[in-house]
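Participant: Next up, protein.cif (mmCIF, N, CA and C atoms and all ligand atoms).
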```cif
data_my_file
loop_
_atom_site.label_atom_id
_atom_site.label_comp_id
_atom_site.auth_asym_id
_atom_site.auth_seq_id
_atom_site.Cartn_x
_atom_site.Cartn_y
_atom_site.Cartn_z
N MET A 88 -33.58 -17.86 15.67
CA MET A 88 -32.29 -17.51 16.27
C MET A 88 -32.33 -16.05 16.70
N SER A 89 -32.00 -15.81 17.94
CA SER A 89 -32.00 -14.43 18.43
C SER A 89 -30.64 -13.78 18.13
N TYR A 90 -30.61 -12.49 18.30
CA TYR A 90 -29.37 -11.74 18.06
C TYR A 90 -28.25 -12.27 18.95
N GLU A 91 -28.60 -12.65 20.21
CA GLU A 91 -27.60 -13.14 21.17
C GLU A 91 -27.02 -14.49 20.74
N ASP A 92 -27.77 -15.23 19.91
CA ASP A 92 -27.29 -16.54 19.46
C ASP A 92 -26.31 -16.45 18.29
N ILE A 93 -26.23 -15.30 17.68
CA ILE A 93 -25.32 -15.14 16.54
C ILE A 93 -23.89 -15.03 17.06
N PRO A 94 -23.00 -15.92 16.61
CA PRO A 94 -21.62 -15.85 17.12
C PRO A 94 -20.94 -14.56 16.68
N PRO A 95 -20.07 -14.04 17.52
CA PRO A 95 -19.34 -12.82 17.12
C PRO A 95 -18.44 -13.11 15.92
N PRO A 96 -18.19 -12.12 15.09
CA PRO A 96 -17.30 -12.35 13.94
C PRO A 96 -15.89 -12.65 14.42
N GLU A 97 -15.22 -13.51 13.70
CA GLU A 97 -13.82 -13.79 14.02
C GLU A 97 -13.08 -14.15 12.74
N PRO A 98 -11.75 -13.91 12.71
CA PRO A 98 -10.99 -14.18 11.48
C PRO A 98 -11.00 -15.66 11.14
N LYS A 99 -10.94 -15.93 9.85
CA LYS A 99 -10.91 -17.30 9.33
C LYS A 99 -9.48 -17.64 8.88
N PRO A 100 -9.19 -18.90 8.58
CA PRO A 100 -7.83 -19.27 8.14
C PRO A 100 -7.34 -18.44 6.95
N ILE A 101 -8.24 -18.09 6.01
CA ILE A 101 -7.81 -17.28 4.87
C ILE A 101 -7.30 -15.92 5.32
N ASP A 102 -7.85 -15.41 6.42
CA ASP A 102 -7.39 -14.11 6.92
C ASP A 102 -5.97 -14.22 7.48
N GLU A 103 -5.69 -15.33 8.13
CA GLU A 103 -4.33 -15.56 8.64
C GLU A 103 -3.35 -15.67 7.46
N THR A 104 -3.76 -16.39 6.42
CA THR A 104 -2.91 -16.54 5.24
C THR A 104 -2.66 -15.18 4.59
N ASN A 105 -3.74 -14.42 4.40
CA ASN A 105 -3.59 -13.09 3.79
C ASN A 105 -2.68 -12.21 4.64
N TRP A 106 -2.85 -12.28 5.95
CA TRP A 106 -2.02 -11.45 6.83
C TRP A 106 -0.54 -11.81 6.69
N MET A 107 -0.22 -13.10 6.58
CA MET A 107 1.18 -13.49 6.45
C MET A 107 1.78 -12.95 5.15
N VAL A 108 0.99 -12.96 4.07
CA VAL A 108 1.46 -12.41 2.80
C VAL A 108 1.70 -10.91 2.93
N LEU A 109 0.72 -10.21 3.50
CA LEU A 109 0.83 -8.76 3.61
C LEU A 109 1.92 -8.34 4.59
N LYS A 110 2.10 -9.15 5.63
CA LYS A 110 3.17 -8.86 6.58
C LYS A 110 4.53 -8.93 5.88
N GLY A 111 4.65 -9.90 4.95
CA GLY A 111 5.87 -9.99 4.15
C GLY A 111 6.11 -8.71 3.35
N PHE A 112 5.03 -8.16 2.77
CA PHE A 112 5.14 -6.87 2.05
C PHE A 112 5.67 -5.80 2.99
N MET A 113 5.07 -5.72 4.16
CA MET A 113 5.44 -4.68 5.10
C MET A 113 6.92 -4.77 5.44
N GLU A 114 7.41 -5.99 5.63
CA GLU A 114 8.80 -6.17 6.04
C GLU A 114 9.77 -5.95 4.88
N ARG A 115 9.42 -6.46 3.69
CA ARG A 115 10.33 -6.31 2.54
C ARG A 115 10.36 -4.87 2.05
N ALA A 116 9.23 -4.22 2.09
CA ALA A 116 9.12 -2.88 1.52
C ALA A 116 9.31 -1.80 2.57
N VAL A 117 9.53 -2.18 3.81
CA VAL A 117 9.54 -1.20 4.90
C VAL A 117 8.31 -0.31 4.71
N LEU A 118 7.18 -0.96 4.49
CA LEU A 118 5.93 -0.25 4.25
C LEU A 118 5.40 0.32 5.57
N ARG A 119 5.14 1.60 5.58
CA ARG A 119 4.68 2.27 6.79
C ARG A 119 3.36 2.99 6.54
N GLY A 120 2.58 3.11 7.59
CA GLY A 120 1.26 3.74 7.47
C GLY A 120 1.28 5.24 7.65
N GLN A 121 2.46 5.84 7.58
CA GLN A 121 2.54 7.30 7.66
C GLN A 121 3.66 7.79 6.74
N PRO A 122 3.63 9.09 6.39
CA PRO A 122 4.66 9.63 5.48
C PRO A 122 6.05 9.54 6.10
N HIS A 123 7.05 9.62 5.22
CA HIS A 123 8.45 9.70 5.63
C HIS A 123 8.91 11.10 5.22
N GLY A 124 8.79 12.04 6.14
CA GLY A 124 9.03 13.43 5.76
C GLY A 124 7.97 13.86 4.76
N ASP A 125 8.43 14.41 3.65
CA ASP A 125 7.50 14.84 2.59
C ASP A 125 7.15 13.70 1.63
N GLU A 126 7.80 12.55 1.80
CA GLU A 126 7.57 11.43 0.89
C GLU A 126 6.37 10.61 1.35
N LYS A 127 5.43 10.38 0.46
CA LYS A 127 4.26 9.55 0.76
C LYS A 127 3.71 9.01 -0.55
N CYS A 128 2.85 8.02 -0.44
CA CYS A 128 2.37 7.35 -1.65
C CYS A 128 1.72 8.31 -2.64
N ASP A 129 0.94 9.26 -2.15
CA ASP A 129 0.22 10.08 -3.14
C ASP A 129 1.09 11.11 -3.84
N ASN A 130 2.40 11.17 -3.52
CA ASN A 130 3.31 11.95 -4.37
C ASN A 130 4.44 11.06 -4.90
N CYS A 131 4.13 9.77 -5.03
CA CYS A 131 5.08 8.79 -5.57
C CYS A 131 4.64 8.40 -6.98
N ILE A 132 5.63 8.18 -7.85
CA ILE A 132 5.34 7.83 -9.24
C ILE A 132 4.52 6.55 -9.35
N TYR A 133 4.64 5.64 -8.40
CA TYR A 133 3.97 4.34 -8.50
C TYR A 133 2.53 4.34 -8.01
N TYR A 134 2.07 5.44 -7.44
CA TYR A 134 0.70 5.52 -6.92
C TYR A 134 -0.21 5.87 -8.10
N LEU A 135 -1.16 4.99 -8.38
CA LEU A 135 -1.88 5.10 -9.65
C LEU A 135 -2.74 6.35 -9.77
N ASP A 136 -3.39 6.80 -8.70
CA ASP A 136 -4.25 7.98 -8.81
C ASP A 136 -4.06 8.87 -7.58
N PRO A 137 -3.20 9.89 -7.70
CA PRO A 137 -2.90 10.76 -6.56
C PRO A 137 -4.12 11.53 -6.05
N ASP A 138 -5.21 11.56 -6.79
CA ASP A 138 -6.41 12.27 -6.33
C ASP A 138 -7.22 11.42 -5.34
N GLU A 139 -6.87 10.15 -5.19
CA GLU A 139 -7.61 9.26 -4.30
C GLU A 139 -6.80 9.01 -3.02
N SER A 140 -7.49 8.89 -1.89
CA SER A 140 -6.78 8.67 -0.62
C SER A 140 -6.38 7.21 -0.42
N LEU A 141 -6.96 6.32 -1.19
CA LEU A 141 -6.61 4.90 -1.17
C LEU A 141 -6.57 4.44 -2.62
N HIS A 142 -5.43 3.91 -3.05
CA HIS A 142 -5.36 3.47 -4.45
C HIS A 142 -4.28 2.42 -4.63
N TYR A 143 -4.11 2.04 -5.88
CA TYR A 143 -3.21 0.93 -6.23
C TYR A 143 -1.78 1.41 -6.43
N CYS A 144 -0.85 0.66 -5.84
CA CYS A 144 0.58 0.89 -6.08
C CYS A 144 1.03 -0.14 -7.12
N TRP A 145 1.61 0.37 -8.21
CA TRP A 145 2.03 -0.54 -9.28
C TRP A 145 3.52 -0.86 -9.25
N HIS A 146 4.21 -0.53 -8.15
CA HIS A 146 5.61 -0.93 -8.05
C HIS A 146 5.67 -2.47 -8.10
N PRO A 147 6.59 -3.03 -8.88
CA PRO A 147 6.64 -4.50 -9.04
C PRO A 147 6.79 -5.27 -7.73
N GLN A 148 7.33 -4.65 -6.69
CA GLN A 148 7.48 -5.34 -5.40
C GLN A 148 6.26 -5.15 -4.49
N ILE A 149 5.30 -4.34 -4.90
CA ILE A 149 4.16 -4.04 -4.03
C ILE A 149 2.85 -4.58 -4.62
N ARG A 150 2.33 -3.87 -5.60
CA ARG A 150 1.10 -4.30 -6.30
C ARG A 150 -0.05 -4.64 -5.36
N ILE A 151 -0.35 -3.72 -4.47
CA ILE A 151 -1.52 -3.85 -3.59
C ILE A 151 -2.14 -2.47 -3.41
N LEU A 152 -3.29 -2.43 -2.75
CA LEU A 152 -3.88 -1.14 -2.37
C LEU A 152 -3.04 -0.53 -1.26
N VAL A 153 -2.79 0.76 -1.36
CA VAL A 153 -2.08 1.47 -0.30
C VAL A 153 -2.79 2.80 -0.06
N GLY A 154 -2.52 3.38 1.10
CA GLY A 154 -3.11 4.67 1.43
C GLY A 154 -2.23 5.81 0.95
N GLY A 155 -2.85 6.91 0.61
CA GLY A 155 -2.11 8.07 0.11
C GLY A 155 -1.10 8.61 1.10
N GLU A 156 -1.31 8.39 2.38
CA GLU A 156 -0.40 8.89 3.41
C GLU A 156 0.66 7.86 3.80
N TRP A 157 0.64 6.69 3.17
CA TRP A 157 1.63 5.65 3.49
C TRP A 157 2.95 5.98 2.78
N TRP A 158 3.94 5.13 3.04
CA TRP A 158 5.27 5.31 2.44
C TRP A 158 6.00 3.98 2.44
N CYS A 159 6.90 3.79 1.48
CA CYS A 159 7.82 2.64 1.52
C CYS A 159 9.16 3.06 0.96
N GLN A 160 10.12 2.13 1.09
CA GLN A 160 11.50 2.43 0.70
C GLN A 160 11.67 2.64 -0.79
N TRP A 161 10.69 2.24 -1.60
CA TRP A 161 10.82 2.40 -3.05
C TRP A 161 10.17 3.68 -3.56
N TRP A 162 9.86 4.57 -2.66
CA TRP A 162 9.27 5.84 -3.07
C TRP A 162 10.16 6.53 -4.10
N GLU A 163 9.51 7.04 -5.15
CA GLU A 163 10.21 7.85 -6.15
C GLU A 163 9.32 9.02 -6.50
N PRO A 164 9.92 10.20 -6.68
CA PRO A 164 9.11 11.39 -6.98
C PRO A 164 8.46 11.29 -8.35
N ILE A 165 7.35 11.97 -8.49
CA ILE A 165 6.70 12.09 -9.79
C ILE A 165 7.55 13.07 -10.61
N PRO A 166 8.05 12.64 -11.76
CA PRO A 166 8.90 13.54 -12.56
C PRO A 166 8.14 14.79 -12.98
N ALA A 167 8.87 15.89 -13.07
CA ALA A 167 8.25 17.14 -13.52
C ALA A 167 7.67 16.94 -14.91
N ASP A 168 8.41 16.23 -15.75
CA ASP A 168 7.91 15.85 -17.06
C ASP A 168 7.22 14.49 -16.90
N GLU A 169 5.91 14.47 -16.95
CA GLU A 169 5.16 13.25 -16.67
C GLU A 169 5.43 12.13 -17.67
N ASN A 170 6.07 12.45 -18.79
CA ASN A 170 6.39 11.42 -19.77
C ASN A 170 7.69 10.71 -19.42
N GLU A 171 8.43 11.25 -18.43
CA GLU A 171 9.69 10.66 -18.03
C GLU A 171 9.42 9.42 -17.17
N ALA A 172 10.02 8.32 -17.54
CA ALA A 172 9.80 7.06 -16.81
C ALA A 172 10.72 7.02 -15.60
N PRO A 173 10.31 6.32 -14.51
CA PRO A 173 11.19 6.17 -13.35
C PRO A 173 12.36 5.28 -13.69
N ALA A 174 13.45 5.41 -12.94
CA ALA A 174 14.63 4.57 -13.16
C ALA A 174 14.25 3.11 -12.95
N ALA A 175 14.85 2.22 -13.75
CA ALA A 175 14.57 0.79 -13.61
C ALA A 175 15.06 0.32 -12.25
N SER A 176 14.30 -0.58 -11.62
CA SER A 176 14.72 -1.10 -10.32
C SER A 176 14.71 -2.60 -10.32
S1 LIG A 201 6.27 2.47 -4.22
FE1 LIG A 201 6.03 2.65 -2.02
S2 LIG A 201 5.81 4.85 -1.64
FE2 LIG A 201 5.40 4.49 -3.82
S3 LIG A 201 3.18 4.22 -3.98
FE3 LIG A 201 4.09 2.19 -3.73
S4 LIG A 201 4.03 1.77 -1.54
FE4 LIG A 201 3.73 3.97 -1.81
#
```
Show how you would write the structure in this file as structure tokens.
Facilitator:
Amino acid sequence: MSYEDIPPPEPKPIDETNWMVLKGFMERAVLRGQPHGDEKCDNCIYYLDPDESLHYCWHPQIRILVGGEWWCQWWEPIPADENEAPAAS
């Protein structure tokens, strides 16, 4: 088989399914790929590791990988006292 005979990559049904799930996140969370003013994932209490540019969001409505420069409507500041828990939502 030559290189020209290899079919180009294309999305599979699982990719469509995954996209529909993630699209739901985007719509419910008003998830955006850029900061909202000074608010962004890497200065949000729910972003697991602010030192990483891509990491896990543990907000109960999100629970996916997000970028440090992203933002959603559930953004909450990191408390000055790191032992202080965020308000229940
Ligand atoms: S709650 Fe929203 S703003 Fe905060 S880390 Fe998760 S996706 Fe980003």
Participant: Could you list, as a list in words, all protein and nucleic acid residues with an atom at most 7 Å from ligand LIG 201 (chain A), counting only N, CA and C atoms and all ligand atoms?
Facilitator: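 Result of the 7 Å neighbour search around ligand LIG 201 (chain A): Leu118, Glu126, Lys127, Cys128, Asp129, Asn130, Cys131, Ile132, Tyr133, Tyr134, Leu135, Tyr143, Cys144, Trp145, His146, Ile149, Arg150, Val153, Gly154, Trp157, Trp158, Cys159, Gln160, Trp161, Trp162 and Glu163 of chain A.
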Participant: Which value, in Å to one decimal, gives the distance between CA of Glu156 in chain A and CA of Gly120 in chain A?
Facilitator: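 So the two atoms, CA of Glu156 in chain A and CA of Gly120 in chain A, lie 6.8 Å apart.
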Participant: Please run DSSP on the backbone and report, as a list in words, all residues within chain A that come out as alpha helix (DSSP H).
Facilitator: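 Listing alpha helix (DSSP H) positions across chain A yields Pro100, Ile101, Asp102, Glu103, Thr104, Asn105, Trp106, Met107, Val108, Leu109, Lys110, Gly111, Phe112, Met113, Glu114, Arg115 and Ala116 of chain A.
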Participant: Select, from A:Ser140, A:Ser89, A:Thr104, A:Gln148, the residue with the minimum atom-to-atom distance to Ala116 in chain A, counting only N, CA and C atoms.
Facilitator: A:Gln148
Participant: Just give me the gap between atom C of Ile165 in chain A and atom N of Arg115 in chain A in Å, one decimal is fine.
Facilitator: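 Here the two named atoms are 24.3 Å from each other.
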Participant: Would you compute the box with edges along x, y and z of the file around range 165-168 of chain A, including every atom the file lists for it and 4 Å extra on each side, and give its centre and edge lengths in Å to one decimal, as AutoDock Vina command-line options?
Facilitator:
```
--center_x 7.8 --center_y 14.6 --center_z -12.8 --size_x 10.2 --size_y 13.2 --size_z 16.6
```
Participant: What separation in Å, quoted to one decimal, exists between atom C of Leu152 in chain A and atom C of Leu109 in chain A?
Facilitator: 10.9 Å
Participant: Return as a list in words the full set of residues in chain A whose backbone-based DSSP assignment is strand (DSSP E or B).
Facilitator: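 Reading the DSSP output for chain A, strand (DSSP E or B) covers Arg119, His123, Glu126, Cys131, Tyr134, Leu141, His142, Tyr143, Cys144, Leu152, Val153, Gly154, Trp158 and Pro164 of chain A.
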